[in-house]
file work_4.txt (compact mmCIF, C-alpha atoms and all ligand atoms)
# COMPACT_ATOMS: atom_id res chain seq x y z
CA MET A 1 -52.66 58.19 58.72
CA GLY A 2 -49.15 58.48 57.26
CA ILE A 3 -46.67 55.65 57.48
CA PHE A 4 -44.55 57.44 60.11
CA ASP A 5 -47.59 57.77 62.40
CA ARG A 6 -48.40 54.11 61.93
CA PHE A 7 -44.87 53.12 62.88
CA ARG A 8 -44.81 55.45 65.89
CA ARG A 9 -48.00 53.96 67.25
CA LYS A 10 -46.58 50.49 66.91
CA LYS A 11 -43.40 51.58 68.66
CA LYS A 12 -45.25 53.23 71.56
CA LYS A 13 -47.16 50.02 72.18
CA GLN A 14 -43.88 48.13 72.10
CA GLU A 15 -42.37 50.37 74.76
CA GLU A 16 -45.31 49.74 77.05
CA GLN A 17 -44.58 46.01 77.01
CA PRO A 18 -42.27 44.32 79.53
CA ALA A 19 -38.77 43.76 78.24
CA SER A 20 -38.14 40.12 79.02
CA LEU A 21 -39.73 36.84 78.09
CA GLU A 22 -39.40 35.53 81.66
CA VAL A 23 -41.73 38.17 83.01
CA GLN A 24 -44.20 37.32 80.31
CA THR A 25 -44.11 33.54 80.75
CA ASP A 26 -44.51 33.93 84.50
CA LYS A 27 -47.60 35.86 83.79
CA LEU A 28 -48.73 33.20 81.35
CA ASP A 29 -48.46 30.56 84.04
CA ASP A 30 -50.47 32.73 86.41
CA GLY A 31 -53.09 33.05 83.72
CA LEU A 32 -52.71 36.82 83.70
CA ILE A 33 -51.89 37.21 80.05
CA SER A 34 -53.95 35.94 77.15
CA LEU A 35 -52.56 34.14 74.13
CA ASP A 36 -53.45 37.17 72.00
CA GLU A 37 -51.38 39.40 74.23
CA PHE A 38 -48.53 36.94 74.08
CA GLU A 39 -48.64 36.85 70.29
CA GLU A 40 -48.64 40.63 70.21
CA TRP A 41 -45.62 40.66 72.48
CA GLU A 42 -43.87 38.19 70.17
CA GLN A 43 -44.55 40.43 67.18
CA GLU A 44 -43.01 43.34 68.99
CA GLN A 45 -39.90 41.39 69.90
CA LEU A 46 -39.58 40.58 66.21
CA SER A 47 -39.73 44.22 65.24
CA TYR A 48 -36.99 44.88 67.80
CA LYS A 49 -34.81 42.17 66.22
CA PHE A 50 -35.11 43.87 62.84
CA GLU A 51 -34.17 47.17 64.43
CA VAL A 52 -31.03 45.70 65.97
CA GLY A 53 -30.07 43.60 62.92
CA LEU A 54 -30.42 46.50 60.51
CA LYS A 55 -28.37 48.97 62.55
CA LYS A 56 -25.50 49.18 60.08
CA SER A 57 -27.82 49.80 57.15
CA ARG A 58 -29.87 52.30 59.11
CA ASP A 59 -26.84 54.32 60.18
CA LYS A 60 -25.65 54.58 56.61
CA PHE A 61 -29.07 55.40 55.16
CA GLN A 62 -29.70 58.00 57.82
CA GLN A 63 -26.32 59.62 57.28
CA ASP A 64 -26.67 59.67 53.50
CA ILE A 65 -30.21 60.98 53.50
CA ASN A 66 -29.39 63.69 56.05
CA ALA A 67 -26.41 64.79 54.00
CA LEU A 68 -28.58 64.80 50.89
CA MET A 69 -31.31 66.87 52.49
CA SER A 70 -28.94 69.46 53.84
CA ARG A 71 -27.17 69.74 50.51
CA TYR A 72 -30.35 69.96 48.43
CA ARG A 73 -33.11 71.93 50.06
CA THR A 74 -35.42 72.25 47.07
CA VAL A 75 -36.89 69.37 45.14
CA ASP A 76 -35.38 69.50 41.68
CA GLU A 77 -33.69 67.24 39.15
CA ASP A 78 -30.29 67.54 40.87
CA PHE A 79 -31.85 66.31 44.11
CA PHE A 80 -33.45 63.31 42.42
CA GLU A 81 -30.20 62.35 40.75
CA ALA A 82 -28.34 62.53 44.05
CA LEU A 83 -31.10 60.48 45.70
CA GLU A 84 -30.72 57.85 42.99
CA GLU A 85 -27.05 57.60 43.86
CA VAL A 86 -27.79 57.14 47.56
CA LEU A 87 -30.28 54.36 46.83
CA ILE A 88 -28.00 52.60 44.38
CA SER A 89 -25.17 52.70 46.89
CA ALA A 90 -27.54 51.00 49.37
CA ASP A 91 -27.94 48.09 46.90
CA VAL A 92 -31.58 48.84 46.17
CA GLY A 93 -30.86 47.84 42.55
CA PHE A 94 -30.85 50.03 39.43
CA ASN A 95 -34.29 49.23 38.02
CA THR A 96 -35.95 49.48 41.42
CA VAL A 97 -34.28 52.84 42.08
CA MET A 98 -35.50 54.18 38.73
CA GLU A 99 -39.03 53.02 39.46
CA LEU A 100 -38.93 54.52 42.94
CA THR A 101 -37.60 57.94 41.94
CA GLU A 102 -40.00 58.13 38.99
CA GLU A 103 -42.89 57.74 41.39
CA LEU A 104 -41.39 60.25 43.78
CA ARG A 105 -41.08 62.82 41.00
CA ARG A 106 -44.75 62.31 40.15
CA GLU A 107 -45.81 62.47 43.79
CA ALA A 108 -43.82 65.66 44.44
CA GLN A 109 -45.43 67.32 41.46
CA LEU A 110 -48.89 66.11 42.32
CA ARG A 111 -48.71 67.25 45.93
CA ASN A 112 -46.69 70.32 45.16
CA ILE A 113 -43.83 69.36 47.47
CA THR A 114 -40.98 71.81 47.04
CA GLU A 115 -38.83 71.20 50.11
CA THR A 116 -36.78 68.01 50.13
CA SER A 117 -37.34 67.46 53.85
CA ASP A 118 -41.06 67.09 53.16
CA LEU A 119 -40.28 64.11 50.93
CA ARG A 120 -38.81 61.92 53.69
CA GLU A 121 -42.00 60.15 54.57
CA THR A 122 -42.98 59.67 50.92
CA ILE A 123 -39.65 57.96 50.21
CA VAL A 124 -40.32 55.43 52.97
CA GLU A 125 -43.94 54.99 51.91
CA LYS A 126 -42.96 54.25 48.31
CA MET A 127 -40.41 51.67 49.42
CA VAL A 128 -43.06 49.68 51.28
CA GLU A 129 -45.43 50.07 48.34
CA ILE A 130 -42.91 48.81 45.81
CA TYR A 131 -42.08 45.84 48.00
CA GLU A 132 -45.68 44.87 48.55
CA ARG A 133 -46.81 45.40 44.98
CA ASN A 134 -44.30 43.20 43.24
CA GLY A 135 -44.76 39.48 42.83
CA ASP A 136 -47.75 37.86 44.40
CA ALA A 137 -45.85 34.88 45.76
CA SER A 138 -46.34 34.61 49.50
CA ASP A 139 -43.37 35.27 51.75
CA GLU A 140 -44.57 32.60 54.16
CA MET A 141 -43.02 29.18 54.27
CA THR A 142 -45.14 26.41 52.75
CA ILE A 143 -45.81 23.82 55.43
CA ASN A 144 -47.67 20.67 54.47
CA GLU A 145 -49.89 20.19 57.51
CA GLU A 146 -51.04 16.78 56.31
CA GLY A 147 -47.65 15.09 56.18
CA LEU A 148 -43.99 15.56 55.48
CA THR A 149 -42.63 18.91 54.29
CA VAL A 150 -39.33 18.66 52.41
CA VAL A 151 -37.15 21.76 52.24
CA LEU A 152 -34.10 21.89 50.00
CA MET A 153 -31.44 24.45 50.86
CA VAL A 154 -29.29 25.63 47.94
CA GLY A 155 -26.69 28.33 47.29
CA VAL A 156 -23.05 29.06 46.57
CA ASN A 157 -20.23 28.32 49.03
CA GLY A 158 -20.24 29.92 52.44
CA VAL A 159 -23.51 31.85 52.20
CA GLY A 160 -25.01 30.30 55.33
CA LYS A 161 -26.96 27.22 54.15
CA THR A 162 -25.95 24.91 56.99
CA THR A 163 -26.29 27.59 59.67
CA SER A 164 -29.73 28.50 58.36
CA ILE A 165 -30.77 24.82 58.53
CA GLY A 166 -29.67 24.74 62.17
CA LYS A 167 -31.66 27.87 62.98
CA LEU A 168 -34.76 26.65 61.13
CA ALA A 169 -34.50 23.29 62.90
CA HIS A 170 -34.48 25.17 66.20
CA LYS A 171 -37.45 27.33 65.18
CA TYR A 172 -39.67 24.45 64.08
CA THR A 173 -38.68 22.21 66.97
CA GLN A 174 -39.72 24.99 69.31
CA GLU A 175 -43.03 25.16 67.51
CA GLY A 176 -43.54 21.51 68.38
CA LYS A 177 -42.72 19.98 65.00
CA LYS A 178 -40.69 16.84 64.49
CA VAL A 179 -37.69 17.95 62.42
CA MET A 180 -35.04 15.85 60.67
CA LEU A 181 -31.93 16.86 58.75
CA ALA A 182 -30.38 15.38 55.59
CA ALA A 183 -26.61 15.72 55.17
CA GLY A 184 -26.64 16.25 51.40
CA ASP A 185 -23.30 18.07 51.33
CA THR A 186 -21.09 15.03 50.85
CA PHE A 187 -18.56 17.11 48.95
CA ARG A 188 -16.86 19.49 51.39
CA ALA A 189 -14.68 17.94 54.07
CA GLY A 190 -16.27 18.43 57.48
CA ALA A 191 -19.69 19.41 56.12
CA ILE A 192 -21.46 16.28 57.40
CA ASN A 193 -19.96 16.76 60.82
CA GLN A 194 -20.98 20.43 60.89
CA LEU A 195 -24.59 19.42 60.25
CA GLN A 196 -24.37 16.69 62.90
CA VAL A 197 -23.22 19.30 65.44
CA TRP A 198 -26.34 21.34 64.62
CA GLY A 199 -28.46 18.20 64.92
CA ASP A 200 -27.04 17.47 68.38
CA ARG A 201 -27.41 21.06 69.48
CA VAL A 202 -31.07 21.24 68.50
CA GLY A 203 -31.78 17.61 69.38
CA VAL A 204 -32.91 16.29 65.99
CA ASP A 205 -31.89 13.26 63.89
CA VAL A 206 -29.45 13.64 61.02
CA ILE A 207 -29.53 11.20 58.09
CA LYS A 208 -26.07 10.88 56.59
CA GLN A 209 -23.69 8.70 54.58
CA ALA A 210 -19.94 8.70 54.14
CA GLU A 211 -18.16 11.73 52.69
CA GLY A 212 -17.96 11.51 48.91
CA SER A 213 -21.14 9.45 48.47
CA ASP A 214 -23.84 10.43 45.99
CA PRO A 215 -25.93 13.27 47.48
CA ALA A 216 -29.00 12.03 45.61
CA ALA A 217 -28.67 8.68 47.42
CA VAL A 218 -28.47 10.47 50.79
CA MET A 219 -31.63 12.42 49.97
CA PHE A 220 -33.44 9.24 48.92
CA ASP A 221 -32.56 7.61 52.23
CA ALA A 222 -33.43 10.72 54.20
CA VAL A 223 -36.87 11.24 52.66
CA ASN A 224 -37.70 7.58 53.23
CA ALA A 225 -36.50 7.73 56.83
CA ALA A 226 -38.39 10.96 57.49
CA LYS A 227 -41.59 9.39 56.15
CA LYS A 228 -41.10 6.23 58.16
CA ARG A 229 -40.39 8.10 61.39
CA GLY A 230 -43.33 10.42 60.92
CA ALA A 231 -41.29 13.63 60.68
CA ASP A 232 -43.06 16.90 59.93
CA ILE A 233 -40.15 18.70 58.31
CA LEU A 234 -37.03 17.42 56.58
CA LEU A 235 -34.38 20.10 56.03
CA CYS A 236 -31.89 19.07 53.33
CA ASP A 237 -28.40 20.51 53.23
CA THR A 238 -26.59 20.59 49.88
CA ALA A 239 -23.03 21.37 48.84
CA GLY A 240 -22.15 24.96 48.01
CA ARG A 241 -22.04 25.26 44.23
CA LEU A 242 -20.86 28.05 42.03
CA GLN A 243 -23.49 29.23 39.63
CA ASN A 244 -21.14 28.78 36.66
CA LYS A 245 -20.37 25.12 37.32
CA GLY A 246 -22.81 23.27 35.06
CA ASN A 247 -22.37 19.75 36.46
CA LEU A 248 -22.97 20.82 40.07
CA MET A 249 -26.01 22.79 39.05
CA ASN A 250 -27.37 19.75 37.15
CA GLU A 251 -26.89 17.65 40.26
CA LEU A 252 -29.68 19.70 41.84
CA SER A 253 -32.18 18.44 39.26
CA LYS A 254 -31.12 14.88 40.01
CA ILE A 255 -31.59 15.43 43.76
CA LYS A 256 -35.04 16.81 43.11
CA LYS A 257 -36.07 13.87 40.92
CA VAL A 258 -34.94 11.38 43.54
CA ILE A 259 -36.88 13.16 46.30
CA GLN A 260 -39.97 13.11 44.10
CA LYS A 261 -39.76 9.34 43.75
CA VAL A 262 -40.66 9.11 47.43
CA VAL A 263 -42.86 12.20 47.85
CA PRO A 264 -44.17 13.31 44.43
CA GLU A 265 -45.11 16.85 45.49
CA ALA A 266 -41.74 17.48 47.19
CA PRO A 267 -39.64 19.52 47.63
CA HIS A 268 -42.24 21.87 49.07
CA GLU A 269 -39.68 24.62 49.26
CA VAL A 270 -36.40 25.21 47.47
CA LEU A 271 -34.77 27.96 49.48
CA LEU A 272 -31.88 29.80 47.94
CA VAL A 273 -29.54 31.25 50.53
CA LEU A 274 -27.95 34.55 49.55
CA ASP A 275 -25.35 36.43 51.55
CA ALA A 276 -26.56 40.02 51.91
CA THR A 277 -23.00 41.30 52.19
CA THR A 278 -22.22 40.25 48.59
CA GLY A 279 -24.59 42.86 47.20
CA GLN A 280 -25.36 42.79 43.51
CA ASN A 281 -23.49 39.50 43.11
CA ALA A 282 -26.30 37.92 45.11
CA LEU A 283 -28.70 38.98 42.39
CA SER A 284 -26.71 37.25 39.67
CA GLN A 285 -26.51 34.10 41.80
CA ALA A 286 -30.27 34.14 42.14
CA LYS A 287 -30.72 34.50 38.38
CA ALA A 288 -28.43 31.51 37.73
CA PHE A 289 -30.13 29.25 40.30
CA LYS A 290 -33.55 30.24 39.03
CA GLU A 291 -32.60 28.87 35.62
CA VAL A 292 -31.78 25.37 36.84
CA THR A 293 -34.27 24.87 39.64
CA ASP A 294 -37.58 26.33 40.80
CA VAL A 295 -36.44 28.51 43.64
CA THR A 296 -39.49 29.13 45.83
CA GLY A 297 -37.94 31.57 48.26
CA ILE A 298 -34.83 33.35 49.45
CA ILE A 299 -33.08 33.23 52.77
CA LEU A 300 -31.08 36.41 52.98
CA SER A 301 -28.33 35.72 55.49
CA LYS A 302 -25.98 38.17 57.22
CA LEU A 303 -28.24 41.19 56.79
CA ASP A 304 -26.77 42.29 60.11
CA GLY A 305 -23.33 42.37 58.52
CA THR A 306 -24.05 44.82 55.73
CA ALA A 307 -24.69 48.55 55.56
CA LYS A 308 -26.42 47.98 52.24
CA GLY A 309 -29.71 46.52 53.37
CA GLY A 310 -31.54 47.79 50.27
CA ILE A 311 -30.76 44.47 48.60
CA VAL A 312 -34.08 43.01 49.84
CA LEU A 313 -36.01 45.42 47.62
CA ALA A 314 -33.88 44.56 44.60
CA ILE A 315 -34.39 40.82 45.08
CA LYS A 316 -38.13 41.05 45.37
CA ASN A 317 -38.60 43.65 42.65
CA GLU A 318 -36.16 42.39 40.07
CA LEU A 319 -36.49 38.64 40.51
CA GLY A 320 -40.01 38.27 41.78
CA ILE A 321 -38.82 35.70 44.35
CA PRO A 322 -40.03 36.39 47.88
CA VAL A 323 -37.53 36.76 50.71
CA LYS A 324 -38.86 34.28 53.28
CA PHE A 325 -36.28 34.60 56.05
CA VAL A 326 -33.55 37.03 56.93
CA GLY A 327 -30.47 36.45 59.06
CA LEU A 328 -30.22 39.25 61.60
CA GLY A 329 -27.34 37.93 63.71
CA GLU A 330 -25.48 34.84 64.80
CA GLN A 331 -27.76 33.68 67.62
CA LEU A 332 -30.03 30.67 67.23
CA ASP A 333 -33.16 32.81 67.05
CA ASP A 334 -31.70 35.40 64.71
CA LEU A 335 -33.14 33.86 61.57
CA GLN A 336 -36.55 35.47 61.32
CA PRO A 337 -39.45 35.44 58.88
CA PHE A 338 -39.22 38.46 56.63
CA ASP A 339 -41.72 41.21 57.19
CA ALA A 340 -41.78 44.30 54.97
CA GLU A 341 -42.94 46.73 57.65
CA ASN A 342 -40.46 45.58 60.26
CA TYR A 343 -37.77 45.76 57.63
CA VAL A 344 -38.56 49.30 56.57
CA TYR A 345 -38.92 50.38 60.19
CA GLY A 346 -35.51 48.84 60.88
CA LEU A 347 -34.05 50.93 58.08
CA PHE A 348 -35.60 54.23 59.12
CA ALA A 349 -36.35 54.02 62.85
CA ASP A 350 -34.14 56.99 63.76
CA MET A 351 -35.56 59.15 61.02
CA ILE A 352 -39.10 58.34 62.13
CA GLN A 353 -38.36 59.10 65.77
CA GLU A 354 -36.51 62.28 64.86
CA SER A 355 -39.38 63.56 62.77
CA GLU A 356 -41.61 63.05 65.80
CA THR A 357 -39.34 65.14 68.00
CA LEU A 358 -39.42 67.80 65.30
CA GLU A 359 -43.20 67.74 65.20
CA GLU A 360 -43.42 67.94 68.98
CA LYS A 361 -41.12 70.93 68.94
CA LEU A 362 -43.25 72.66 66.35
CA GLU A 363 -46.32 71.99 68.51
CA GLU A 364 -44.56 73.43 71.57
CA ASP A 365 -43.51 76.52 69.62
CA LYS A 366 -47.10 76.97 68.55
CA ASP A 367 -48.30 76.67 72.17
CA ASP A 368 -45.71 79.23 73.30
CA GLU A 369 -46.93 81.81 70.81
N1 LIG B 401 -23.54 37.52 61.14
C1 LIG B 401 -24.11 36.48 60.55
N2 LIG B 401 -23.36 35.40 60.21
C2 LIG B 401 -23.95 34.35 59.60
C3 LIG B 401 -25.34 34.36 59.30
N3 LIG B 401 -25.64 33.20 58.68
C4 LIG B 401 -24.48 32.49 58.59
N4 LIG B 401 -23.45 33.17 59.13
C5 LIG B 401 -22.03 32.74 59.20
O1 LIG B 401 -21.54 32.45 57.88
C6 LIG B 401 -20.56 31.43 57.92
C7 LIG B 401 -20.84 30.35 56.86
O2 LIG B 401 -22.01 29.65 57.21
P1 LIG B 401 -22.36 28.17 56.71
O3 LIG B 401 -23.73 27.88 57.23
O4 LIG B 401 -21.30 27.21 57.02
O5 LIG B 401 -22.45 28.39 55.14
P2 LIG B 401 -22.73 27.29 54.00
O6 LIG B 401 -23.53 27.96 52.94
O7 LIG B 401 -23.31 26.06 54.58
O8 LIG B 401 -21.24 27.03 53.50
P3 LIG B 401 -20.69 25.78 52.62
O9 LIG B 401 -21.26 24.55 53.21
O10 LIG B 401 -19.23 25.87 52.74
O11 LIG B 401 -21.15 26.03 51.21
C8 LIG B 401 -20.56 30.91 59.34
O12 LIG B 401 -19.44 31.46 60.00
C9 LIG B 401 -21.86 31.44 59.95
O13 LIG B 401 -21.75 31.66 61.33
C10 LIG B 401 -26.11 35.55 59.67
O14 LIG B 401 -27.32 35.69 59.43
N5 LIG B 401 -25.43 36.57 60.29
MG MG B 402 -22.75 24.07 54.46
call {"tool": "encode", "arguments": {"input": "work_4.txt", "output": "structure tokens", "more": "lines below"}}
Ligand SMILES: Nc1nc2c(ncn2[C@@H]2O[C@H](COP(=O)(O)OP(=O)(O)OP(=O)(O)O)[C@@H](O)[C@H]2O)c(=O)[nH]1
Ligand SMILES: [Mg+2]
result
Amino acid sequence: MGIFDRFRRKKKKQEEQPASLEVQTDKLDDGLISLDEFEEWEQEQLSYKFEVGLKKSRDKFQQDINALMSRYRTVDEDFFEALEEVLISADVGFNTVMELTEELRREAQLRNITETSDLRETIVEKMVEIYERNGDASDEMTINEEGLTVVLMVGVNGVGKTTSIGKLAHKYTQEGKKVMLAAGDTFRAGAINQLQVWGDRVGVDVIKQAEGSDPAAVMFDAVNAAKKRGADILLCDTAGRLQNKGNLMNELSKIKKVIQKVVPEAPHEVLLVLDATTGQNALSQAKAFKEVTDVTGIILSKLDGTAKGGIVLAIKNELGIPVKFVGLGEQLDDLQPFDAENYVYGLFADMIQESETLEEKLEEDKDDE
């Protein structure tokens, strides 16, 4: 079964489900729906979130690929070069684009594909393949089920660290975990207060000190407090730091050492937040942070705000760091675990549905004959 068929099946199932959570939970109370069904429903809602969040990227991709296919009807070198340009302009990243088109050239030759429109599905298929093949690090969050999980949030100014902490706090609280926050950004005026507002909103404790105090000291306090109060997850905010400011970058190592004094195997995750709208600059930020600290995963924020959603592929393929969460909007539940299939479906949903209509039409024509 081709990838388009797989996606269509998934979508059909999704359409058969009721549209609102209320209906579903009512049913749950009445014992009419099993937990399995509920989990399936949740998965489908997630795929819908990706579809909505990736609208800008999808519109651009769709437009560019359609234009490309109507301009180049036969598969030749000119077509591949133009395709490379489309992918690069979607922030897929130079090396990844070269790898992708190389494989497409081979595939076209192997399967004797001469019309560009017949390559649509293969392009999508190869994107999923490239994503899944590269880097064996899991894109799931590491949660220490036995005790405290410490998560350190790092990144340059304004990328969405604090907001992401708020959304993660909401997510894990909803899952029944005891969450606490550490106000490690003692540098920017108002940062501690901003975190406190999130804490109040989600209903979790915030460990803080006065503005200007040593962030390492705040973390030390926070990890101790989290241990003492039996928290499951401690989410640590840090100040935005530019990748070229050596002293601020070194401060991260100090923070880490201090945390390890209390919990030797912590931090369990160092999540680097990257703003998807900054494109290739996000890649250079990731390279710089990787040099000073062991980044275990990426949170790609503001994916909803860019038309260049190809950046996810570049990050995974060129840095080998898994994207663990993506920001798909500004609502509390818009930070979602990354999922390659939902992502690719979000990028190509219209194309997949259109190709179905085309196939149906061909079938009808055949029946008419
Ligand atoms: N549309 C959209 N906006 C987001 C997302 N994540 C964060 N933002 C917005 O980005 C802005 C900056 O977010 P913050 O969380 O304050 O960023 P920060 O990294 O903590 O910033 P500093 O503490 O100044 O370094 C806010 O206006 C957020 O609402 C997202 O996924 N989608
Ligand atoms: Mg912040």
call {"tool": "closest_residue", "arguments": {"input": "work_4.txt", "among": "A:Glu318, A:Asp237, A:Glu115, A:Glu211", "to": "A:Trp198", "atoms": "all atoms listed in the file"}}
result
A:Asp237
call {"tool": "atom_distance", "arguments": {"input": "work_4.txt", "atom1": "atom CA of A:Ile130", "atom2": "atom CA of A:Ser301"}}
result
21.9 Å
call {"tool": "closest_atom_pairs", "arguments": {"input": "work_4.txt", "of": "chain A", "to": "ligand LIG 401 (chain B)", "cutoff": "7 Å", "atoms": "all atoms listed in the file", "output": "CSV"}}
result
residue,atom,partner,partner_atom,distance
A:Gly155,CA,B:LIG401,O6,6.5
A:Val156,CA,B:LIG401,O11,5.9
A:Asn157,CA,B:LIG401,O11,3.3
A:Gly158,CA,B:LIG401,O8,3.2
A:Val159,CA,B:LIG401,O6,4.0
A:Gly160,CA,B:LIG401,O5,3.2
A:Lys161,CA,B:LIG401,O6,3.7
A:Thr162,CA,B:LIG401,O3,3.7
A:Thr163,CA,B:LIG401,O3,3.5
A:Ser164,CA,B:LIG401,O3,6.1
A:Arg188,CA,B:LIG401,O10,6.9
A:Ala191,CA,B:LIG401,O9,6.1
A:Ala239,CA,B:LIG401,O11,5.6
A:Gly240,CA,B:LIG401,O11,3.5
A:Ser301,CA,B:LIG401,O14,4.1
A:Lys302,CA,B:LIG401,N5,3.5
A:Leu303,CA,B:LIG401,O14,6.2
A:Asp304,CA,B:LIG401,N1,5.9
A:Gly305,CA,B:LIG401,N1,5.5
A:Val326,CA,B:LIG401,O14,6.8
A:Gly327,CA,B:LIG401,O14,3.3
A:Leu328,CA,B:LIG401,O14,5.1
A:Gly329,CA,B:LIG401,N5,4.1
A:Glu330,CA,B:LIG401,C1,4.8
A:Asp334,CA,B:LIG401,O14,6.9
A:Leu335,CA,B:LIG401,O14,6.5
call {"tool": "closest_residue", "arguments": {"input": "work_4.txt", "among": "A:Lys171, A:His268, A:Arg73, A:Lys208", "to": "A:Asn193", "atoms": "only C-alpha atoms"}}
result
A:Lys208
call {"tool": "residues_around", "arguments": {"input": "work_4.txt", "residues": "stretch 102-107 of chain A", "least_positions_apart": "2", "cutoff": "12 Å", "atoms": "all atoms listed in the file", "output": "count of residues only"}}
result
34
call {"tool": "atom_distance", "arguments": {"input": "work_4.txt", "atom1": "atom CA of A:Ser117", "atom2": "atom CA of A:Gly53"}}
result
26.5 Å
call {"tool": "residues_around", "arguments": {"input": "work_4.txt", "residues": "stretch 226-229 of chain A", "least_positions_apart": "4", "cutoff": "8 Å", "atoms": "all atoms listed in the file", "output": "list of chain:residue names"}}
result
A:Leu148, A:Met180, A:Ala222, A:Ile233, A:Leu234
call {"tool": "atom_distance", "arguments": {"input": "work_4.txt", "atom1": "atom CA of A:Met69", "atom2": "atom CA of A:Met351"}}
result
12.3 Å
